[in-house]
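S.K.: Just passing along the structure, written as structure tokens.
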Protein chains: 2
Amino acid sequence: MKALVTTDSPDCALRLDAVAEPEPLPTQALVTVSAVAVNRGELTAIGELPPGARLGRDVAGTVLRAAADGSGPAAGTRVVGLADGDGWAERVAIDTRRLARLPDTVDWAAAAALPVAGLTALYSLQRAGRLLGRTVLITGAGGGVGRAAVQLASAAGAHVIAWVGSADREHGLAELGADVVAVYGTDPEEPVDILLDSCGGDVLTQAFRPVVAGGSVVAFGNTAGAELRLPRDWGRARPGVSLHYVFLIDEIARHDVAHDLVFLLQLVVEERLDPQVALVASWTDPEPVLRGLGRRSVNGKAVLAL
Amino acid sequence: MKALVTTDSPDCALRLDAVAEPEPLPTQALVTVSAVAVNRGELTAIGELPPGARLGRDVAGTVLRAAADGSGPAAGTRVVGLADGDGWAERVAIDTRRLARLPDTVDWAAAAALPVAGLTALYSLQRAGRLLGRTVLITGAGGGVGRAAVQLASAAGAHVIAWVGSADREHGLAELGADVVAVYGTDPEEPVDILLDSCGGDVLTQAFRPVVAGGSVVAFGNTAGAELRLPRDWGRARPGVSLHYVFLIDEIARHDVAHDLVFLLQLVVEERLDPQVALVASWTDPEPVLRGLGRRSVNGKAVLAL
């Protein structure tokens, strides 16, 4: 079968190559893949991996062979799941604990856009604590996780401030539930109870300023690749404040991922969560997707269709 | 009655002055004070307050008049309590929710040394999570809170690494339960699950290095008065890591302080917690205590006797 693998070519960071068929464990279903998503973390990994490496977490497709242990969906079921980093392929074996049946109304692209972004937003917000009536500042709000977080925080009754890197990233955020949309560094002029950050560096330092005593900061990325710097009164001026670092691959061991995917899909069906598919390309030509994500011109999720 | 008040004299930062008698609220007992403790935070506050200001949290004494609402200990009871910043006085009104009966075997100095240091250590360790079998690195371990934290962490079954600013601060820490005693920056050569820090600045940055994924950092001070700086991989190399800032005066609203004082006193009676009274002076001459704390030559708590 074919899979996308890394290259050492400067023109094209991924190419289709022949790879071995997956050999499912008893707990894994074999899935025929219809669409996959590309996440920022994977974009970074592509640049760091040697040629010939495989990637891919977000997978939507159809069960070709159910798990041997009898768990999970039957053959022929449309599913979405979280693969182990080998999902950008024609077929992939996925643990049934990380697989959910896809409602008929959710298409392949929407489904593939959901796992990494939706679960990262969900687990980050869960770590922050209660949301009803609290003010949540979300940086990187124009991207895939950011847009999922804006919608989930809004659905949970929070007052949502969405920060983006530039005005052209603001598109659609108000419609998704952001009460305030502004570019990085804009004084929110109101106290912030919860800060969700994936930028790190100066953006995190700026976004930390309005955080109040007892507030929660949840970082789920550090795209600036910078050290963490907070002012000398970081704690004393904010007794009870906490900072957490959430990394999805670490979180999934502590969560019932299949259950949480069903929950996110239900929100999609109820039109309370839009996966924000902003760009779909064929997996035979992934370059436009990689370029768009790299220069942050994708206002949402980028999907490759097989 | 008399109380210690701040001065603007360069020779003597505190002096005894006549002040108004306390007027207890219905929920407060009136206490005749026998001993008080001086904490680092108060030392800082002395330098920042205008002349004539009062201070004092840690109080041991005898109930002169029970609370009007019938709560708390009866007149004549020996007690220890957490005052509202007016405890360095002959008499003080203390909320009965922050007052505990003193066992006969606990003397005034030991009792006065307990509330701020013991409760800060207790609440900081509680915030860090489970302790049994985990490795706890405690900075500032030579001071009052540090010595309480070493003993409480050890009593809770943790493997304790005590960091001090200089070798002469190491005195007695091994006997209190520290498994490793070292000066700041010494590579602990083992992963750290929990970091308790009151130094901030470079010490915190150094102490953060061995903290592992899922680890908890609890800061309860920032004596360096420096900004928080953590390396660029602070989160990515430690998925699930968290940082918390604990400030006692903020914490007490969320805790049953009277209950927790009884618990700490019980540990003292059982000789599992030594309040580490290192210096006792008369409140008529507080300068030696202030000087000793200021240059960190007090290996434990400093107490003023009335």
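Quick note on naming: the chains in the structure tokens go A, B, ... in the order shown, residues restart at 1 in each chain, and ligands are numbered from 1 in order of appearance.
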Give me the residues of chain B that have any atom at most 7 Å from an atom of chain A; for each, the nearest atom pair and the distance in Å, rounded to one decimal. Use only C-alpha atoms, sort by chain and number, and format it as a tab-separated table.
M.R.:
residue	atom	partner	partner_atom	distance
B:Gly225	CA	A:Arg232	CA	5.9
B:Ala226	CA	A:Arg232	CA	4.8
B:Glu227	CA	A:Arg232	CA	3.8
B:Leu228	CA	A:Leu230	CA	5.0
B:Arg229	CA	A:Arg229	CA	4.8
B:Leu230	CA	A:Leu228	CA	5.0
B:Pro231	CA	A:Glu227	CA	4.7
B:Arg232	CA	A:Glu227	CA	3.8
B:Gly235	CA	A:Tyr245	CA	5.2
B:Pro239	CA	A:Phe247	CA	5.4
B:Gly240	CA	A:Tyr245	CA	5.2
B:Val241	CA	A:Tyr245	CA	5.5
B:Ser242	CA	A:His244	CA	4.2
B:Leu243	CA	A:Leu243	CA	4.9
B:His244	CA	A:Ser242	CA	4.2
B:Tyr245	CA	A:Gly240	CA	5.2
B:Val246	CA	A:Gly240	CA	5.3
B:Phe247	CA	A:Pro239	CA	5.4
B:Asp250	CA	A:Pro239	CA	6.2
S.K.: Could you find all residues in stretch 9-65 of chain B that DSSP calls strand (DSSP E) from the backbone, and write them as a PyMOL selection string?
M.R.: chain B and resi 14-18+28-38+58-65
S.K.: Can you write just those residues out, C-alpha atoms, as a PDB file, in the first residue's frame?
M.R.:
ATOM      1  CA  LEU B  14      10.260  48.344  65.110  1.00  0.00           C
ATOM      2  CA  ARG B  15       9.482  49.918  68.473  1.00  0.00           C
ATOM      3  CA  LEU B  16       6.919  49.396  71.222  1.00  0.00           C
ATOM      4  CA  ASP B  17       4.166  51.982  71.210  1.00  0.00           C
ATOM      5  CA  ALA B  18       0.802  52.503  72.910  1.00  0.00           C
ATOM      6  CA  GLN B  28     -13.271  36.511  67.741  1.00  0.00           C
ATOM      7  CA  ALA B  29     -11.657  35.517  71.019  1.00  0.00           C
ATOM      8  CA  LEU B  30      -9.540  38.072  72.855  1.00  0.00           C
ATOM      9  CA  VAL B  31      -6.085  36.604  73.493  1.00  0.00           C
ATOM     10  CA  THR B  32      -3.352  37.708  75.902  1.00  0.00           C
ATOM     11  CA  VAL B  33      -0.173  37.230  73.871  1.00  0.00           C
ATOM     12  CA  SER B  34       2.849  35.340  75.256  1.00  0.00           C
ATOM     13  CA  ALA B  35       4.937  34.857  72.098  1.00  0.00           C
ATOM     14  CA  VAL B  36       4.860  35.805  68.410  1.00  0.00           C
ATOM     15  CA  ALA B  37       6.950  34.760  65.437  1.00  0.00           C
ATOM     16  CA  VAL B  38       8.528  36.941  62.762  1.00  0.00           C
ATOM     17  CA  ASP B  58       1.760  34.089  64.460  1.00  0.00           C
ATOM     18  CA  VAL B  59       0.426  34.307  68.012  1.00  0.00           C
ATOM     19  CA  ALA B  60       0.581  32.046  71.086  1.00  0.00           C
ATOM     20  CA  GLY B  61      -1.160  33.055  74.285  1.00  0.00           C
ATOM     21  CA  THR B  62      -4.116  32.621  76.602  1.00  0.00           C
ATOM     22  CA  VAL B  63      -7.777  33.341  75.940  1.00  0.00           C
ATOM     23  CA  LEU B  64      -8.727  36.371  78.033  1.00  0.00           C
ATOM     24  CA  ARG B  65     -12.328  36.496  76.812  1.00  0.00           C
TER      25      ARG B  65
END
S.K.: In stretch 33-144 of chain B, what's alpha helix (DSSP H) per DSSP? Answer as a PyMOL selection string?
M.R.: chain B and resi 40-48+108-112+115-128+144
S.K.: Hey, which of A:Asp202, A:Glu287, A:Asp274, A:Asp8 ends up closest to A:Glu48? Count only C-alpha atoms.
M.R.: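 Smallest separation from A:Glu48 among the options: A:Asp8.
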S.K.: What does the distance from atom CA of B:Gln126 to atom CA of B:His159 come to in Å, to one decimal?
M.R.: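 Between atom CA of B:Gln126 and atom CA of B:His159 the gap is 15.8 Å.
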S.K.: Separation of atom CA of A:Gly72 and atom CA of A:Ile94, in Å?
M.R.: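 Atom CA of A:Ile94 lies at a distance of 10.1 Å from atom CA of A:Gly72.
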S.K.: Can you check which parts of stretch 274-304 of chain B lie within 8 Å of stretch 134-145 of chain B? Per residue, the shortest pair of atoms and distance in Å to one decimal, counting only C-alpha atoms, sorted by chain and number, as JSON lines.
M.R.:
{"residue": "B:Pro275", "atom": "CA", "partner": "B:Gly144", "partner_atom": "CA", "distance": 7.9}
{"residue": "B:Gln276", "atom": "CA", "partner": "B:Gly144", "partner_atom": "CA", "distance": 7.1}
{"residue": "B:Arg296", "atom": "CA", "partner": "B:Gly143", "partner_atom": "CA", "distance": 7.8}
{"residue": "B:Val298", "atom": "CA", "partner": "B:Gly143", "partner_atom": "CA", "distance": 7.1}
{"residue": "B:Asn299", "atom": "CA", "partner": "B:Gly142", "partner_atom": "CA", "distance": 5.4}
{"residue": "B:Gly300", "atom": "CA", "partner": "B:Gly144", "partner_atom": "CA", "distance": 4.4}
{"residue": "B:Lys301", "atom": "CA", "partner": "B:Gly144", "partner_atom": "CA", "distance": 4.9}
S.K.: Could you write out that same residue set with N, CA and C atoms as a PDB file, in the first residue's frame?
M.R.:
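Contents of result30.pdb, as written:
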ATOM      1  N   PRO B 275       9.003  22.481  65.490  1.00  0.00           N
ATOM      2  CA  PRO B 275       8.828  23.826  64.923  1.00  0.00           C
ATOM      3  C   PRO B 275      10.136  24.556  64.648  1.00  0.00           C
ATOM      4  N   GLN B 276      11.264  23.981  65.094  1.00  0.00           N
ATOM      5  CA  GLN B 276      12.579  24.535  64.761  1.00  0.00           C
ATOM      6  C   GLN B 276      12.740  25.991  65.188  1.00  0.00           C
ATOM      7  N   ARG B 296      19.770  35.867  56.777  1.00  0.00           N
ATOM      8  CA  ARG B 296      19.558  34.413  56.657  1.00  0.00           C
ATOM      9  C   ARG B 296      20.487  33.614  57.552  1.00  0.00           C
ATOM     10  N   VAL B 298      19.367  32.644  60.568  1.00  0.00           N
ATOM     11  CA  VAL B 298      18.493  31.914  61.493  1.00  0.00           C
ATOM     12  C   VAL B 298      18.076  30.595  60.828  1.00  0.00           C
ATOM     13  N   ASN B 299      18.608  29.490  61.343  1.00  0.00           N
ATOM     14  CA  ASN B 299      18.292  28.180  60.752  1.00  0.00           C
ATOM     15  C   ASN B 299      16.990  27.643  61.329  1.00  0.00           C
ATOM     16  N   GLY B 300      15.918  28.312  61.017  1.00  0.00           N
ATOM     17  CA  GLY B 300      14.608  27.924  61.533  1.00  0.00           C
ATOM     18  C   GLY B 300      13.787  29.165  61.812  1.00  0.00           C
ATOM     19  N   LYS B 301      13.020  29.105  62.899  1.00  0.00           N
ATOM     20  CA  LYS B 301      12.085  30.189  63.208  1.00  0.00           C
ATOM     21  C   LYS B 301      12.657  31.154  64.244  1.00  0.00           C
TER      22      LYS B 301
END
S.K.: Quick one: of B:Val257, B:Val269, B:Met1, B:Ala74, who's nearest to B:Pro115, counting only C-alpha atoms?
M.R.: B:Val257
S.K.: Do you know which residues are at most 9 Å from stretch 23-27 of chain A counting only C-alpha atoms, after dropping those on the same chain fewer than 3 positions away, and could you put them as a list in words?
M.R.: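 That gives Ala20, Leu30, Ala67, Ala68, Asp69, Gly70, Ser71, Gly72, Val92, Ala93, Ile94, Asp95, Thr96 and Arg97 of chain A.
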S.K.: Produce a file of the selected residues containing N, CA and C atoms, as a short mmCIF file (atom, residue, chain, number, x, y, z; two decimals), in the first residue's frame.
M.R.:
data_model
loop_
_atom_site.label_atom_id
_atom_site.label_comp_id
_atom_site.auth_asym_id
_atom_site.auth_seq_id
_atom_site.Cartn_x
_atom_site.Cartn_y
_atom_site.Cartn_z
N ALA A 20 4.85 -1.19 4.06
CA ALA A 20 4.27 -2.48 4.45
C ALA A 20 2.82 -2.29 4.92
N LEU A 30 -8.59 -2.54 11.57
CA LEU A 30 -7.90 -2.11 10.35
C LEU A 30 -8.85 -1.18 9.60
N ALA A 67 -11.53 -5.31 15.13
CA ALA A 67 -10.48 -5.77 16.04
C ALA A 67 -10.73 -7.24 16.40
N ALA A 68 -9.66 -8.03 16.46
CA ALA A 68 -9.76 -9.47 16.73
C ALA A 68 -10.35 -9.76 18.11
N ASP A 69 -10.18 -8.82 19.05
CA ASP A 69 -10.69 -9.07 20.41
C ASP A 69 -12.19 -8.75 20.53
N GLY A 70 -12.81 -8.39 19.41
CA GLY A 70 -14.26 -8.15 19.42
C GLY A 70 -14.65 -6.76 19.84
N SER A 71 -13.68 -5.94 20.23
CA SER A 71 -13.99 -4.57 20.65
C SER A 71 -14.18 -3.67 19.44
N GLY A 72 -14.89 -2.57 19.64
CA GLY A 72 -14.98 -1.54 18.62
C GLY A 72 -15.94 -1.86 17.50
N VAL A 92 -4.65 1.78 7.97
CA VAL A 92 -3.96 1.96 9.25
C VAL A 92 -4.67 1.14 10.32
N ALA A 93 -3.90 0.62 11.25
CA ALA A 93 -4.46 -0.11 12.40
C ALA A 93 -4.63 0.88 13.55
N ILE A 94 -5.86 0.97 14.07
CA ILE A 94 -6.13 1.93 15.16
C ILE A 94 -6.75 1.21 16.35
N ASP A 95 -6.22 1.50 17.53
CA ASP A 95 -6.75 0.94 18.77
C ASP A 95 -8.22 1.33 18.90
N THR A 96 -9.07 0.36 19.21
CA THR A 96 -10.52 0.65 19.28
C THR A 96 -10.85 1.60 20.43
N ARG A 97 -9.93 1.77 21.39
CA ARG A 97 -10.16 2.76 22.46
C ARG A 97 -9.97 4.19 21.95
#
S.K.: Can you list, as an MDAnalysis selection string, every protein, DNA or RNA residue that comes within 9 Å of B:Ala149 when you count only C-alpha atoms, leaving out same-chain residues fewer than 5 positions away?
M.R.: chainID B and resid 117:118 120:122 124:125 138 141 144 154 196
S.K.: Could you write out that same residue set with N, CA, C and O atoms as a compact mmCIF listing (two decimals), in the first residue's frame?
M.R.:
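Result saved to result.txt:
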# COMPACT_ATOMS: atom_id res chain seq x y z
N ALA B 117 4.46 29.18 59.17
CA ALA B 117 5.40 28.25 58.54
C ALA B 117 4.75 26.89 58.31
O ALA B 117 4.84 26.31 57.22
N GLY B 118 4.07 26.37 59.33
CA GLY B 118 3.47 25.04 59.22
C GLY B 118 2.34 25.00 58.19
O GLY B 118 2.27 24.07 57.38
N THR B 120 1.83 27.14 55.69
CA THR B 120 2.36 27.37 54.33
C THR B 120 2.94 26.08 53.77
O THR B 120 2.69 25.72 52.61
N ALA B 121 3.72 25.38 54.59
CA ALA B 121 4.31 24.11 54.13
C ALA B 121 3.20 23.09 53.85
O ALA B 121 3.23 22.40 52.82
N LEU B 122 2.22 23.02 54.74
CA LEU B 122 1.14 22.04 54.58
C LEU B 122 0.33 22.31 53.31
O LEU B 122 0.10 21.40 52.50
N SER B 124 1.15 24.08 50.69
CA SER B 124 1.97 23.94 49.49
C SER B 124 2.11 22.48 49.10
O SER B 124 1.98 22.13 47.92
N LEU B 125 2.35 21.64 50.09
CA LEU B 125 2.47 20.20 49.80
C LEU B 125 1.13 19.62 49.36
O LEU B 125 1.08 18.75 48.48
N ILE B 138 13.08 20.61 47.83
CA ILE B 138 12.65 21.79 48.58
C ILE B 138 13.80 22.79 48.61
O ILE B 138 14.88 22.49 49.14
N ALA B 141 15.43 25.36 52.11
CA ALA B 141 15.12 24.34 53.13
C ALA B 141 15.67 24.70 54.50
O ALA B 141 15.26 24.10 55.50
N GLY B 144 12.33 28.66 58.01
CA GLY B 144 11.22 28.15 58.80
C GLY B 144 10.25 27.31 57.99
O GLY B 144 9.92 26.17 58.38
N SER B 154 8.58 14.37 54.51
CA SER B 154 9.17 13.11 54.99
C SER B 154 8.11 12.28 55.72
O SER B 154 8.00 11.06 55.50
N LEU B 196 9.22 22.36 45.56
CA LEU B 196 8.69 23.42 46.42
C LEU B 196 9.72 24.54 46.45
O LEU B 196 10.84 24.32 46.92
